[in-house]
2 protein chains.
Amino acid sequence: MKVFKFYGFLIKLMKYAVKIEVCLKSGYSNPEGETTAHLLKELGYQVEKVNVGKVYTVTLNISSPAEAKAVAEEMSKRLLVNPIKDNYTISVVE
Amino acid sequence: MKVFKFYGFLIKLMKYAVKIEVCLKSGYSNPEGETTAHLLKELGYQVEKVNVGKVYTVTLNISSPAEAKAVAEEMSKRLLVNPIKDNYTISVVE
């Protein structure tokens, strides 16, 4: 019983937030970005282009930042990112 | 003519990309995040929560990174961010 408790302490999981930023590759039509660029130009800003993407902030129960990054990479490939048309970057926040 | 050309050189505009990340403040309903969290849990990941936001990468013709940041701040307040329900961060990329 005591040994079990001890092991329970050893594998205590921490919380880490990973940020996964997903943007369309250049060449893909990005209507929301084009509209935003158009509106910003109308407001008088010297905008050349706007790319609109998504950012997923995922809070994970996991043992280390390195593992959090590896898991985020795997999650991106399995669910969040379409490798044909998306670029993505991963960063561990806390 | 030469003077004019000289001034033209002095106020030459550079390209800077600013990244504006917009996320819902906590407390606001975030159905896309909840669905993503649910799907990731079904795939076997120890996910606590997911927040889904937008990231605008705006390429500006402007003279300095400091000015690019100030303009991005102004653009956010005027068009891209709803201060009631959004948190946002700005960073100059290049």
# chains A, B, ... in the order shown; residues from 1 in each chain; ligands from 1
$ residues_around --residues "Val58 of chain A" --least-positions-apart "2" --cutoff "9 Å" --atoms "only C-alpha atoms" --output "PyMOL selection string"
(chain A and resi 16-20+56+60+72) or (chain B and resi 33+37+47-52)
$ write_last_selection --atoms "N, CA and C atoms" --output "PDB file, in the first residue's frame"
ATOM      1  N   TYR A  16       0.744  21.302 -18.427  1.00  0.00           N
ATOM      2  CA  TYR A  16       1.467  22.152 -19.365  1.00  0.00           C
ATOM      3  C   TYR A  16       0.517  22.595 -20.473  1.00  0.00           C
ATOM      4  N   ALA A  17       0.618  23.834 -20.858  1.00  0.00           N
ATOM      5  CA  ALA A  17      -0.191  24.312 -21.980  1.00  0.00           C
ATOM      6  C   ALA A  17       0.691  24.378 -23.217  1.00  0.00           C
ATOM      7  N   VAL A  18       0.222  23.773 -24.304  1.00  0.00           N
ATOM      8  CA  VAL A  18       0.943  23.882 -25.575  1.00  0.00           C
ATOM      9  C   VAL A  18       0.099  24.705 -26.547  1.00  0.00           C
ATOM     10  N   LYS A  19       0.793  25.509 -27.326  1.00  0.00           N
ATOM     11  CA  LYS A  19       0.118  26.348 -28.302  1.00  0.00           C
ATOM     12  C   LYS A  19       0.421  25.795 -29.691  1.00  0.00           C
ATOM     13  N   ILE A  20      -0.625  25.457 -30.436  1.00  0.00           N
ATOM     14  CA  ILE A  20      -0.447  24.933 -31.796  1.00  0.00           C
ATOM     15  C   ILE A  20      -1.056  25.937 -32.764  1.00  0.00           C
ATOM     16  N   TYR A  56      -4.648  26.776 -31.287  1.00  0.00           N
ATOM     17  CA  TYR A  56      -5.200  25.889 -30.271  1.00  0.00           C
ATOM     18  C   TYR A  56      -4.306  25.951 -29.034  1.00  0.00           C
ATOM     19  N   LEU A  60      -2.526  20.134 -21.063  1.00  0.00           N
ATOM     20  CA  LEU A  60      -2.311  18.685 -20.960  1.00  0.00           C
ATOM     21  C   LEU A  60      -1.880  18.310 -19.550  1.00  0.00           C
ATOM     22  N   ALA A  72       1.888  17.073 -28.510  1.00  0.00           N
ATOM     23  CA  ALA A  72       1.240  18.096 -29.333  1.00  0.00           C
ATOM     24  C   ALA A  72       1.506  17.847 -30.820  1.00  0.00           C
TER      25      ALA A  72
ATOM     26  N   GLY B  33     -13.518  24.670 -29.001  1.00  0.00           N
ATOM     27  CA  GLY B  33     -12.510  24.152 -28.074  1.00  0.00           C
ATOM     28  C   GLY B  33     -13.016  22.929 -27.334  1.00  0.00           C
ATOM     29  N   ALA B  37     -11.406  19.255 -27.489  1.00  0.00           N
ATOM     30  CA  ALA B  37     -10.957  18.576 -26.265  1.00  0.00           C
ATOM     31  C   ALA B  37     -11.591  17.187 -26.177  1.00  0.00           C
ATOM     32  N   VAL B  47      -6.124  15.371 -22.006  1.00  0.00           N
ATOM     33  CA  VAL B  47      -6.352  16.789 -22.244  1.00  0.00           C
ATOM     34  C   VAL B  47      -7.275  17.354 -21.167  1.00  0.00           C
ATOM     35  N   GLU B  48      -6.924  18.503 -20.610  1.00  0.00           N
ATOM     36  CA  GLU B  48      -7.801  19.122 -19.622  1.00  0.00           C
ATOM     37  C   GLU B  48      -8.769  20.089 -20.302  1.00  0.00           C
ATOM     38  N   LYS B  49      -8.230  20.992 -21.114  1.00  0.00           N
ATOM     39  CA  LYS B  49      -9.102  21.888 -21.871  1.00  0.00           C
ATOM     40  C   LYS B  49      -8.395  22.393 -23.118  1.00  0.00           C
ATOM     41  N   VAL B  50      -9.192  22.877 -24.061  1.00  0.00           N
ATOM     42  CA  VAL B  50      -8.651  23.441 -25.299  1.00  0.00           C
ATOM     43  C   VAL B  50      -9.315  24.795 -25.527  1.00  0.00           C
ATOM     44  N   ASN B  51      -8.514  25.800 -25.814  1.00  0.00           N
ATOM     45  CA  ASN B  51      -9.050  27.106 -26.180  1.00  0.00           C
ATOM     46  C   ASN B  51      -8.687  27.362 -27.650  1.00  0.00           C
ATOM     47  N   VAL B  52      -9.675  27.667 -28.469  1.00  0.00           N
ATOM     48  CA  VAL B  52      -9.393  27.907 -29.883  1.00  0.00           C
ATOM     49  C   VAL B  52      -9.508  29.400 -30.169  1.00  0.00           C
TER      50      VAL B  52
END
$ closest_atom_pairs --of "chain B" --to "chain A" --cutoff "12 Å" --atoms "only C-alpha atoms" --output "tab-separated table"
residue	atom	partner	partner_atom	distance
B:Leu13	CA	A:Gln46	CA	10.0
B:Met14	CA	A:Gln46	CA	10.9
B:Lys15	CA	A:Glu48	CA	8.5
B:Tyr16	CA	A:Glu48	CA	9.8
B:Ala17	CA	A:Val50	CA	9.1
B:Val18	CA	A:Val50	CA	9.6
B:Lys19	CA	A:Asn51	CA	9.5
B:Ile20	CA	A:Val52	CA	9.6
B:Glu21	CA	A:Val55	CA	7.7
B:Val22	CA	A:Val55	CA	8.6
B:Cys23	CA	A:Val55	CA	8.3
B:Leu24	CA	A:Thr57	CA	11.1
B:Asn30	CA	A:Tyr56	CA	11.6
B:Glu32	CA	A:Tyr56	CA	9.9
B:Gly33	CA	A:Tyr56	CA	7.8
B:Glu34	CA	A:Val58	CA	10.7
B:Thr35	CA	A:Leu79	CA	11.8
B:Thr36	CA	A:Leu80	CA	8.5
B:Ala37	CA	A:Val58	CA	8.0
B:His38	CA	A:Val58	CA	11.7
B:Leu39	CA	A:Leu79	CA	8.4
B:Leu40	CA	A:Met75	CA	7.5
B:Lys41	CA	A:Leu60	CA	10.4
B:Glu42	CA	A:Leu79	CA	11.3
B:Leu43	CA	A:Met75	CA	8.8
B:Gly44	CA	A:Met75	CA	10.1
B:Tyr45	CA	A:Leu60	CA	8.0
B:Gln46	CA	A:Asn61	CA	5.5
B:Val47	CA	A:Leu60	CA	4.6
B:Glu48	CA	A:Thr59	CA	5.4
B:Lys49	CA	A:Thr59	CA	5.3
B:Val50	CA	A:Val58	CA	4.5
B:Asn51	CA	A:Thr57	CA	5.0
B:Val52	CA	A:Tyr56	CA	4.7
B:Gly53	CA	A:Val55	CA	5.1
B:Lys54	CA	A:Lys54	CA	4.6
B:Val55	CA	A:Gly53	CA	5.1
B:Tyr56	CA	A:Val52	CA	4.7
B:Thr57	CA	A:Asn51	CA	5.1
B:Val58	CA	A:Val50	CA	4.5
B:Thr59	CA	A:Lys49	CA	5.3
B:Leu60	CA	A:Val47	CA	4.7
B:Asn61	CA	A:Gln46	CA	5.5
B:Ile62	CA	A:Gln46	CA	7.3
B:Ser63	CA	A:Gln46	CA	10.9
B:Ala68	CA	A:Gln46	CA	10.3
B:Ala70	CA	A:Tyr45	CA	11.9
B:Val71	CA	A:Tyr45	CA	8.2
B:Ala72	CA	A:Tyr45	CA	9.7
B:Glu74	CA	A:Tyr45	CA	10.0
B:Met75	CA	A:Leu40	CA	7.4
B:Ser76	CA	A:Leu40	CA	10.2
B:Lys77	CA	A:Leu40	CA	11.9
B:Arg78	CA	A:Leu43	CA	9.0
B:Leu79	CA	A:Leu40	CA	7.8
B:Leu80	CA	A:Thr36	CA	8.5
B:Tyr88	CA	A:Val55	CA	11.8
$ calpha_fit_and_write --fixed "chain B" --moving "chain A" --output "mmCIF file with C-alpha atoms, in the first residue's frame"
data_model
loop_
_atom_site.group_PDB
_atom_site.id
_atom_site.type_symbol
_atom_site.label_atom_id
_atom_site.label_comp_id
_atom_site.auth_asym_id
_atom_site.auth_seq_id
_atom_site.Cartn_x
_atom_site.Cartn_y
_atom_site.Cartn_z
ATOM 1 C CA MET A 1 14.597 66.683 -58.155
ATOM 2 C CA LYS A 2 17.724 65.273 -56.577
ATOM 3 C CA VAL A 3 16.645 66.450 -53.126
ATOM 4 C CA PHE A 4 13.296 64.760 -53.594
ATOM 5 C CA LYS A 5 15.017 61.493 -54.536
ATOM 6 C CA PHE A 6 17.234 61.805 -51.486
ATOM 7 C CA TYR A 7 14.231 62.209 -49.164
ATOM 8 C CA GLY A 8 12.556 59.305 -50.940
ATOM 9 C CA PHE A 9 15.512 57.176 -49.927
ATOM 10 C CA LEU A 10 15.433 58.386 -46.327
ATOM 11 C CA ILE A 11 11.832 57.400 -45.681
ATOM 12 C CA LYS A 12 12.155 54.009 -47.404
ATOM 13 C CA LEU A 13 9.597 51.641 -45.914
ATOM 14 C CA MET A 14 10.490 48.116 -44.818
ATOM 15 C CA LYS A 15 8.278 45.066 -44.541
ATOM 16 C CA TYR A 16 7.475 43.756 -41.081
ATOM 17 C CA ALA A 17 5.089 40.970 -40.193
ATOM 18 C CA VAL A 18 3.154 41.295 -36.945
ATOM 19 C CA LYS A 19 1.310 38.423 -35.351
ATOM 20 C CA ILE A 20 -1.914 39.257 -33.497
ATOM 21 C CA GLU A 21 -3.286 36.379 -31.456
ATOM 22 C CA VAL A 22 -6.915 36.694 -30.380
ATOM 23 C CA CYS A 23 -8.483 34.295 -27.844
ATOM 24 C CA LEU A 24 -11.761 34.341 -25.969
ATOM 25 C CA LYS A 25 -11.526 35.389 -22.331
ATOM 26 C CA SER A 26 -12.196 32.587 -19.878
ATOM 27 C CA GLY A 27 -15.876 32.336 -19.014
ATOM 28 C CA TYR A 28 -17.025 32.774 -22.605
ATOM 29 C CA SER A 29 -18.493 29.708 -24.273
ATOM 30 C CA ASN A 30 -15.991 28.126 -26.658
ATOM 31 C CA PRO A 31 -17.829 25.287 -28.463
ATOM 32 C CA GLU A 32 -15.061 24.574 -30.972
ATOM 33 C CA GLY A 33 -12.574 24.162 -28.122
ATOM 34 C CA GLU A 34 -14.943 21.889 -26.217
ATOM 35 C CA THR A 35 -15.491 19.663 -29.270
ATOM 36 C CA THR A 36 -11.749 19.510 -29.928
ATOM 37 C CA ALA A 37 -11.074 18.597 -26.273
ATOM 38 C CA HIS A 38 -13.732 15.877 -26.468
ATOM 39 C CA LEU A 39 -12.231 14.387 -29.650
ATOM 40 C CA LEU A 40 -8.693 14.457 -28.244
ATOM 41 C CA LYS A 41 -9.896 12.670 -25.084
ATOM 42 C CA GLU A 42 -11.536 10.012 -27.274
ATOM 43 C CA LEU A 43 -8.178 9.525 -29.001
ATOM 44 C CA GLY A 44 -6.687 8.790 -25.565
ATOM 45 C CA TYR A 45 -4.959 12.070 -24.664
ATOM 46 C CA GLN A 46 -5.071 13.479 -21.116
ATOM 47 C CA VAL A 47 -6.521 16.810 -22.193
ATOM 48 C CA GLU A 48 -7.980 19.154 -19.592
ATOM 49 C CA LYS A 49 -9.241 21.918 -21.870
ATOM 50 C CA VAL A 50 -8.753 23.453 -25.296
ATOM 51 C CA ASN A 51 -9.134 27.112 -26.194
ATOM 52 C CA VAL A 52 -9.409 27.906 -29.905
ATOM 53 C CA GLY A 53 -8.478 31.371 -31.096
ATOM 54 C CA LYS A 54 -7.422 33.216 -34.217
ATOM 55 C CA VAL A 55 -4.039 34.410 -35.309
ATOM 56 C CA TYR A 56 -3.680 37.254 -37.821
ATOM 57 C CA THR A 57 -0.284 37.553 -39.507
ATOM 58 C CA VAL A 58 -0.275 41.052 -40.979
ATOM 59 C CA THR A 59 2.523 42.153 -43.338
ATOM 60 C CA LEU A 60 2.979 45.917 -43.069
ATOM 61 C CA ASN A 61 4.998 48.429 -45.122
ATOM 62 C CA ILE A 62 6.384 50.449 -42.257
ATOM 63 C CA SER A 63 9.627 52.029 -41.088
ATOM 64 C CA SER A 64 10.487 50.198 -37.842
ATOM 65 C CA PRO A 65 9.495 47.196 -35.662
ATOM 66 C CA ALA A 66 8.413 49.553 -32.850
ATOM 67 C CA GLU A 67 6.083 51.392 -35.196
ATOM 68 C CA ALA A 68 4.782 48.078 -36.555
ATOM 69 C CA LYS A 69 3.853 47.042 -33.011
ATOM 70 C CA ALA A 70 2.113 50.362 -32.313
ATOM 71 C CA VAL A 71 0.145 50.139 -35.572
ATOM 72 C CA ALA A 72 -0.824 46.521 -34.809
ATOM 73 C CA GLU A 73 -2.094 47.621 -31.386
ATOM 74 C CA GLU A 74 -4.226 50.308 -33.064
ATOM 75 C CA MET A 75 -5.520 47.898 -35.757
ATOM 76 C CA SER A 76 -6.480 45.403 -33.063
ATOM 77 C CA LYS A 77 -8.499 47.977 -31.159
ATOM 78 C CA ARG A 78 -10.180 49.361 -34.270
ATOM 79 C CA LEU A 79 -11.012 46.143 -36.114
ATOM 80 C CA LEU A 80 -9.633 42.783 -35.037
ATOM 81 C CA VAL A 81 -10.376 42.503 -31.322
ATOM 82 C CA ASN A 82 -13.538 42.801 -29.271
ATOM 83 C CA PRO A 83 -12.197 44.119 -25.936
ATOM 84 C CA ILE A 84 -15.284 42.891 -24.070
ATOM 85 C CA LYS A 85 -14.703 39.218 -24.782
ATOM 86 C CA ASP A 86 -11.217 38.818 -26.301
ATOM 87 C CA ASN A 87 -7.687 38.654 -24.946
ATOM 88 C CA TYR A 88 -4.955 39.451 -27.441
ATOM 89 C CA THR A 89 -1.187 39.471 -27.758
ATOM 90 C CA ILE A 90 0.968 41.169 -30.377
ATOM 91 C CA SER A 91 4.432 40.164 -31.524
ATOM 92 C CA VAL A 92 6.623 41.417 -34.375
ATOM 93 C CA VAL A 93 7.881 38.452 -36.389
ATOM 94 C CA GLU A 94 10.458 39.844 -38.829
#
$ select_by_dssp --residues "segment 4-94 of chain B" --states "helix (DSSP H, G or I)" --output "PyMOL selection string"
chain B and resi 4-10+31-42+65-80
